[in-house]
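Shown next: query_3.cif, containing mmCIF, C-alpha atoms.
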data_input
#
loop_
_atom_site.label_atom_id
_atom_site.label_comp_id
_atom_site.auth_asym_id
_atom_site.auth_seq_id
_atom_site.Cartn_x
_atom_site.Cartn_y
_atom_site.Cartn_z
CA MET W 1 156.06 149.89 38.32
CA THR W 2 158.12 150.88 41.33
CA SER W 3 161.50 152.57 40.86
CA ARG W 4 162.52 152.06 44.47
CA ARG W 5 165.90 150.40 44.95
CA HIS W 6 165.68 146.99 46.60
CA GLN W 7 168.44 145.57 48.75
CA LYS W 8 169.01 141.96 49.78
CA VAL W 9 168.88 140.56 53.27
CA PRO W 10 172.40 139.11 53.44
CA GLY W 11 172.63 135.40 52.72
CA THR W 12 169.05 135.17 51.44
CA ASP W 13 166.92 135.82 48.37
CA VAL W 14 164.72 138.16 50.42
CA THR W 15 164.79 141.76 49.21
CA TYR W 16 163.52 144.99 50.71
CA CYS W 17 163.44 148.73 50.31
CA VAL W 18 162.91 151.28 53.03
CA GLU W 19 161.92 154.96 53.09
CA GLY W 20 160.61 157.49 55.55
CA SER W 21 160.99 157.94 59.29
CA GLY W 22 158.83 157.27 62.31
CA LYS W 23 157.22 154.11 63.56
CA ASP W 24 157.94 151.05 61.44
CA VAL W 25 155.47 149.53 58.99
CA VAL W 26 156.20 146.45 56.84
CA LEU W 27 154.35 145.73 53.58
CA ALA W 28 153.94 142.08 52.49
CA HIS W 29 152.86 141.40 48.91
CA GLY W 30 150.73 138.55 47.58
CA LEU W 31 151.35 135.64 45.23
CA GLY W 32 151.80 137.90 42.20
CA GLY W 33 155.14 139.13 43.53
CA LEU W 34 156.05 142.78 43.77
CA PHE W 35 154.06 143.72 40.64
CA HIS W 36 152.75 147.20 41.55
CA SER W 37 151.14 146.23 44.85
CA TRP W 38 152.47 149.15 46.87
CA SER W 39 153.22 151.85 44.29
CA ALA W 40 150.42 154.12 45.60
CA LEU W 41 150.36 153.19 49.29
CA PHE W 42 154.11 153.17 49.97
CA PRO W 43 154.83 156.90 49.49
CA LYS W 44 151.72 157.93 51.39
CA LEU W 45 152.69 155.84 54.42
CA ALA W 46 156.35 156.90 54.15
CA ALA W 47 155.33 160.51 54.78
CA THR W 48 154.66 159.65 58.42
CA HIS W 49 156.27 156.23 59.02
CA ARG W 50 159.43 154.30 58.22
CA VAL W 51 158.10 151.87 55.63
CA TRP W 52 159.70 148.56 54.67
CA GLU W 53 158.57 146.79 51.50
CA ILE W 54 159.61 143.14 51.57
CA GLY W 55 160.17 141.16 48.40
CA PHE W 56 159.82 137.45 49.03
CA PRO W 57 162.17 135.19 47.01
CA ASP W 58 161.50 135.48 43.28
CA PHE W 59 159.86 132.49 41.66
CA ASP W 60 163.03 131.86 39.62
CA SER W 61 165.36 132.13 42.63
CA ALA W 62 167.57 129.39 44.05
CA THR W 63 165.54 129.56 47.27
CA THR W 64 162.24 128.84 45.52
CA LYS W 65 163.79 125.94 43.62
CA ALA W 66 165.32 124.46 46.79
CA ARG W 67 161.99 124.72 48.60
CA GLY W 68 160.03 123.20 45.73
CA GLY W 69 157.88 126.29 45.78
CA ASN W 70 157.26 128.54 48.79
CA SER W 71 154.80 127.82 51.58
CA VAL W 72 153.09 130.35 53.86
CA GLU W 73 155.44 129.21 56.63
CA ASP W 74 158.44 129.76 54.34
CA TYR W 75 157.35 133.31 53.67
CA ALA W 76 156.67 133.94 57.37
CA ALA W 77 160.26 132.82 58.06
CA ASP W 78 161.44 135.23 55.35
CA LEU W 79 159.51 138.04 57.02
CA GLY W 80 161.28 137.15 60.25
CA LYS W 81 164.64 137.40 58.49
CA LEU W 82 163.81 140.97 57.46
CA PHE W 83 162.71 141.87 61.00
CA ASP W 84 165.93 140.45 62.43
CA HIS W 85 168.20 141.99 59.79
CA ALA W 86 166.58 145.42 60.17
CA GLU W 87 166.52 145.04 63.98
CA LEU W 88 162.82 145.76 64.05
CA GLU W 89 161.70 145.21 67.63
CA ARG W 90 158.13 146.13 66.76
CA ALA W 91 156.52 146.96 63.43
CA ALA W 92 152.98 147.05 62.12
CA VAL W 93 152.51 144.64 59.23
CA ILE W 94 150.22 145.16 56.24
CA GLY W 95 149.63 142.15 54.00
CA ASN W 96 147.64 141.78 50.78
CA SER W 97 146.14 138.46 49.67
CA LEU W 98 148.73 135.73 50.37
CA GLY W 99 150.74 138.43 52.15
CA GLY W 100 147.89 138.65 54.65
CA GLN W 101 148.23 134.95 55.41
CA VAL W 102 151.97 135.43 55.87
CA ALA W 103 151.49 138.46 58.12
CA THR W 104 148.95 136.61 60.26
CA THR W 105 151.18 133.56 60.57
CA PHE W 106 154.16 135.69 61.56
CA THR W 107 152.09 137.63 64.10
CA ALA W 108 150.87 134.41 65.69
CA GLN W 109 154.46 133.17 65.91
CA ARG W 110 155.98 136.42 67.22
CA PRO W 111 153.16 138.35 68.87
CA THR W 112 155.43 140.81 70.69
CA ARG W 113 156.92 142.00 67.39
CA VAL W 114 153.64 143.09 65.72
CA PRO W 115 151.62 145.79 67.55
CA ALA W 116 149.12 146.27 64.72
CA LEU W 117 148.04 144.15 61.74
CA VAL W 118 146.26 145.12 58.52
CA LEU W 119 144.84 142.45 56.23
CA LEU W 120 144.01 143.71 52.75
CA SER W 121 141.83 141.04 51.15
CA SER W 122 143.81 138.33 52.91
CA SER W 123 143.25 134.90 51.46
CA GLY W 124 143.22 131.72 53.52
CA LEU W 125 139.83 132.19 55.16
CA GLY W 126 138.47 128.82 54.04
CA GLU W 127 137.43 130.04 50.60
CA GLN W 128 139.72 127.49 48.94
CA ARG W 129 137.49 124.65 50.12
CA GLU W 130 134.72 126.02 47.91
CA GLY W 131 136.93 126.43 44.86
CA TYR W 132 137.77 130.13 45.04
CA SER W 133 141.25 130.78 43.67
CA LEU W 134 143.42 133.09 41.60
CA PHE W 135 143.59 130.31 39.00
CA GLN W 136 139.98 129.48 38.28
CA GLY W 137 138.75 126.89 35.80
CA ASP W 138 141.46 125.67 33.45
CA ALA W 139 143.70 128.74 33.94
CA VAL W 140 146.70 126.70 35.12
CA LYS W 141 146.49 124.39 32.11
CA LYS W 142 146.41 127.38 29.77
CA ILE W 143 149.38 129.04 31.48
CA VAL W 144 151.41 125.84 31.27
CA LYS W 145 150.78 125.58 27.53
CA LYS W 146 151.26 129.18 26.40
CA ILE W 147 151.09 132.70 27.78
CA GLU W 148 148.45 134.54 25.78
CA PRO W 149 147.30 138.07 26.65
CA GLU W 150 143.67 136.99 26.99
CA VAL W 151 144.64 134.19 29.38
CA MET W 152 146.49 136.72 31.53
CA ARG W 153 143.58 139.13 31.39
CA ALA W 154 141.17 136.41 32.50
CA ILE W 155 143.35 135.63 35.53
CA LEU W 156 143.90 139.28 36.44
CA ARG W 157 140.17 139.94 36.17
CA THR W 158 139.71 137.63 39.15
CA VAL W 159 141.86 140.14 41.09
CA PHE W 160 140.79 143.51 39.70
CA GLU W 161 137.35 144.81 38.91
CA ARG W 162 138.62 146.95 36.01
CA ASP W 163 141.30 146.29 33.38
CA GLU W 164 142.82 149.72 33.90
CA HIS W 165 144.43 148.47 37.09
CA PHE W 166 146.67 145.99 35.26
CA GLU W 167 146.65 146.65 31.50
CA GLU W 168 149.81 148.77 31.56
CA GLN W 169 151.73 146.01 33.37
CA LEU W 170 150.47 143.20 31.12
CA PRO W 171 153.52 143.05 28.78
CA ALA W 172 155.92 142.82 31.73
CA ILE W 173 153.82 140.13 33.42
CA ARG W 174 153.64 138.14 30.21
CA GLU W 175 157.41 138.41 29.76
CA ARG W 176 158.08 137.08 33.26
CA LEU W 177 155.66 134.19 32.85
CA SER W 178 157.22 133.30 29.50
CA ASP W 179 160.31 132.31 31.47
CA ARG W 180 159.84 128.60 32.18
CA LYS W 181 161.78 128.68 35.47
CA TYR W 182 159.78 131.63 36.79
CA LYS W 183 156.48 130.09 35.72
CA LEU W 184 157.35 126.76 37.38
CA GLY W 185 158.26 128.55 40.62
CA MET W 186 154.96 130.42 40.63
CA LEU W 187 152.87 127.32 39.98
CA THR W 188 154.68 125.19 42.58
CA THR W 189 154.23 128.00 45.11
CA ALA W 190 150.54 128.25 44.22
CA ARG W 191 150.24 124.50 44.78
CA ARG W 192 151.92 124.70 48.21
CA VAL W 193 149.74 127.55 49.49
CA LYS W 194 146.39 126.61 47.95
CA ASP W 195 145.04 124.82 51.03
CA ALA W 196 146.64 127.03 53.70
CA CYS W 197 144.09 128.41 56.15
CA ILE W 198 144.64 131.06 58.84
CA LEU W 199 141.27 130.75 60.57
CA PRO W 200 142.69 128.70 63.51
CA LEU W 201 145.26 131.46 64.10
CA LEU W 202 142.85 134.40 64.31
CA PRO W 203 141.73 133.88 67.93
CA GLN W 204 145.42 134.03 68.91
CA ILE W 205 145.98 137.48 67.37
CA GLN W 206 145.81 139.89 70.31
CA CYS W 207 146.95 143.06 68.55
CA PRO W 208 144.47 145.47 66.91
CA THR W 209 143.66 144.10 63.46
CA LEU W 210 142.02 145.87 60.54
CA MET W 211 140.55 143.84 57.69
CA ILE W 212 139.79 145.67 54.42
CA TYR W 213 137.97 143.78 51.68
CA GLY W 214 136.34 144.66 48.37
CA GLU W 215 132.66 143.85 48.06
CA LEU W 216 133.32 142.30 44.62
CA ASP W 217 136.30 140.15 45.62
CA ARG W 218 136.24 136.97 43.48
CA ILE W 219 139.17 135.26 45.21
CA THR W 220 138.15 135.70 48.86
CA PRO W 221 134.48 136.71 48.80
CA VAL W 222 133.57 139.16 51.51
CA ARG W 223 131.26 136.75 53.32
CA TYR W 224 134.38 134.86 54.44
CA ALA W 225 135.81 138.09 55.85
CA HIS W 226 132.64 138.72 57.87
CA ASP W 227 132.97 135.29 59.48
CA ALA W 228 136.73 135.65 60.04
CA ALA W 229 136.43 139.08 61.68
CA LYS W 230 134.33 137.54 64.45
CA LEU W 231 137.31 135.34 65.41
CA LEU W 232 139.65 138.27 66.02
CA PRO W 233 139.79 139.50 69.64
CA LYS W 234 140.50 143.07 68.49
CA GLY W 235 139.39 142.96 64.88
CA GLU W 236 137.39 145.31 62.69
CA LEU W 237 136.23 144.90 59.12
CA GLU W 238 135.89 147.57 56.42
CA VAL W 239 134.14 146.62 53.17
CA MET W 240 134.78 148.86 50.16
CA ASP W 241 132.26 148.97 47.36
CA GLY W 242 133.02 148.58 43.67
CA ILE W 243 136.40 146.85 44.01
CA GLY W 244 137.91 143.38 44.03
CA HIS W 245 140.95 141.76 45.64
CA ALA W 246 143.45 144.64 45.79
CA PRO W 247 142.07 147.64 47.72
CA GLN W 248 145.45 149.41 47.85
CA ILE W 249 145.55 149.47 44.04
CA GLU W 250 141.88 149.86 43.20
CA LYS W 251 141.04 152.51 45.83
CA PRO W 252 144.41 153.75 47.07
CA GLU W 253 143.24 157.02 48.64
CA ALA W 254 140.40 155.51 50.64
CA THR W 255 142.54 152.54 51.64
CA PHE W 256 145.36 154.78 52.84
CA GLU W 257 143.01 157.03 54.82
CA ARG W 258 141.46 154.04 56.58
CA ILE W 259 144.85 152.51 57.38
CA ALA W 260 146.23 155.85 58.60
CA ARG W 261 143.35 156.25 61.04
CA PHE W 262 143.79 152.71 62.26
CA LEU W 263 147.55 153.04 62.79
CA ALA W 264 147.08 156.31 64.65
CA ALA W 265 144.49 154.73 66.95
CA ALA W 266 146.66 151.66 67.56
CA ALA W 267 149.22 153.99 69.19
CA TRP W 268 152.16 151.65 69.71
#
Take the structure in this file and express it as structure tokens.
Amino acid sequence: MTSRRHQKVPGTDVTYCVEGSGKDVVLAHGLGGLFHSWSALFPKLAATHRVWEIGFPDFDSATTKARGGNSVEDYAADLGKLFDHAELERAAVIGNSLGGQVATTFTAQRPTRVPALVLLSSSGLGEQREGYSLFQGDAVKKIVKKIEPEVMRAILRTVFERDEHFEEQLPAIRERLSDRKYKLGMLTTARRVKDACILPLLPQIQCPTLMIYGELDRITPVRYAHDAAKLLPKGELEVMDGIGHAPQIEKPEATFERIARFLAAAAW
């Protein structure tokens, strides 16, 4: 788990932490919250860039309750609040899973603010229409009833190819989801984003865009990424073998090296 100190964007439930110096890069996490999404990638990028890690409103926050769960558009607005608060005129954005949908939506809305975009297993490529989801089968029903370790493992195995990538965090995840308010906020957010699709936005994205997907992704299978990459005017797709839905956690070194080359070539 990260030990970085998070600050709040004044007047919001949006949090962030920032380290490093150089050109700005913003990291946008997926539906699972902060979890340990950026624990490996953040310090590597911060060696050469000023890196901002955004924390979207917690599932048990007043903001999530008022919204009735968070939509992709809500999160894109939150990302804009960080940009404005930090006075980021231009910053590359890296988004994982739902964070990729948010990053794409924000880039389409404010194209002059994002000179380079990285989508790490972004969801929202039409896979939902064929039943692909973080919560497969009767997972939601089981979570609503009781949080059992094996239920959590079954869900996390849709994200990660190997248990070693989440087993250490399992007690903390279970504790959070045992909080009724937090669990309700997560499920209402999942309901609001489940049909969101970014495919119509991709032809509008004029900045260089790198898509990185795992060949074994069970949430957004890689065939959807191949089709989506064709819609990007300046897009490229990298498929990594042996991993699932979180390249930055499952293959952090290779993911960082690929992103570093891409950011250097983007030259903003």
Which is closest to W:Cys197 among W:Gly95, W:Pro149, W:Gly124, W:Pro43, if we use only C-alpha atoms?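 Of W:Gly95, W:Pro149, W:Gly124, W:Pro43, the one nearest W:Cys197, counting only C-alpha atoms, is W:Gly124.
Checking W:Glu127, W:Glu167, W:Leu187, W:Leu119 one by one against W:Lys141, counting all atoms listed in the file, you find the shortest gap at W:Leu187.
Counting all atoms listed in the file and comparing W:Leu199, W:Val25, W:Leu120, W:Leu170, the residue that lies closest to W:Val222 is W:Leu120.
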Determine the residue set returned by the PyMOL selection byres ((chain W and resi 189) around 12) for the present structure, and present it as a PyMOL selection string. chain W and resi 30-33+56-60+63-75+98+182-188+190-196
Since I can't run it myself right now, could you work out what the PyMOL selection byres ((chain W and resi 5-15) around 10) selects here and report it as a ChimeraX atom specification? /W:2-4,16-18,53-58,61-64,75,78-79,81-86
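The space between atom CA of W:Pro171 and atom CA of W:Val144 spans 17.5 Å.
For the pair atom CA of W:Ile143 and atom CA of W:Ile219, the interatomic distance is 18.2 Å.
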Grab the atom CA of W:Ala40 to atom CA of W:Ile243 distance for me, in Å with one decimal place. 15.9 Å
What would the selection look like, as a list in words, if the PyMOL selection byres ((chain W and resi 97) around 6) were run on the coordinates I just shared?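 Expected selection for the PyMOL selection byres ((chain W and resi 97) around 6) here is Gly30, Asn96, Leu98, Gly99, Gly100, Ser121, Ser122 and Ser123 of chain W.
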I want to know what sits within 9 Å of W:Asp217, based on only C-alpha atoms, with residues of the same chain fewer than 5 positions away left out; could you give that as a VMD selection string? chain W and resid 121 158 to 161 222 243 to 246
Polymer residues at most 12 Å from W:Glu168, only C-alpha atoms, same-chain spacing of 3 or more positions, as a ChimeraX atom specification: /W:1,35-36,153,163-165,171-174
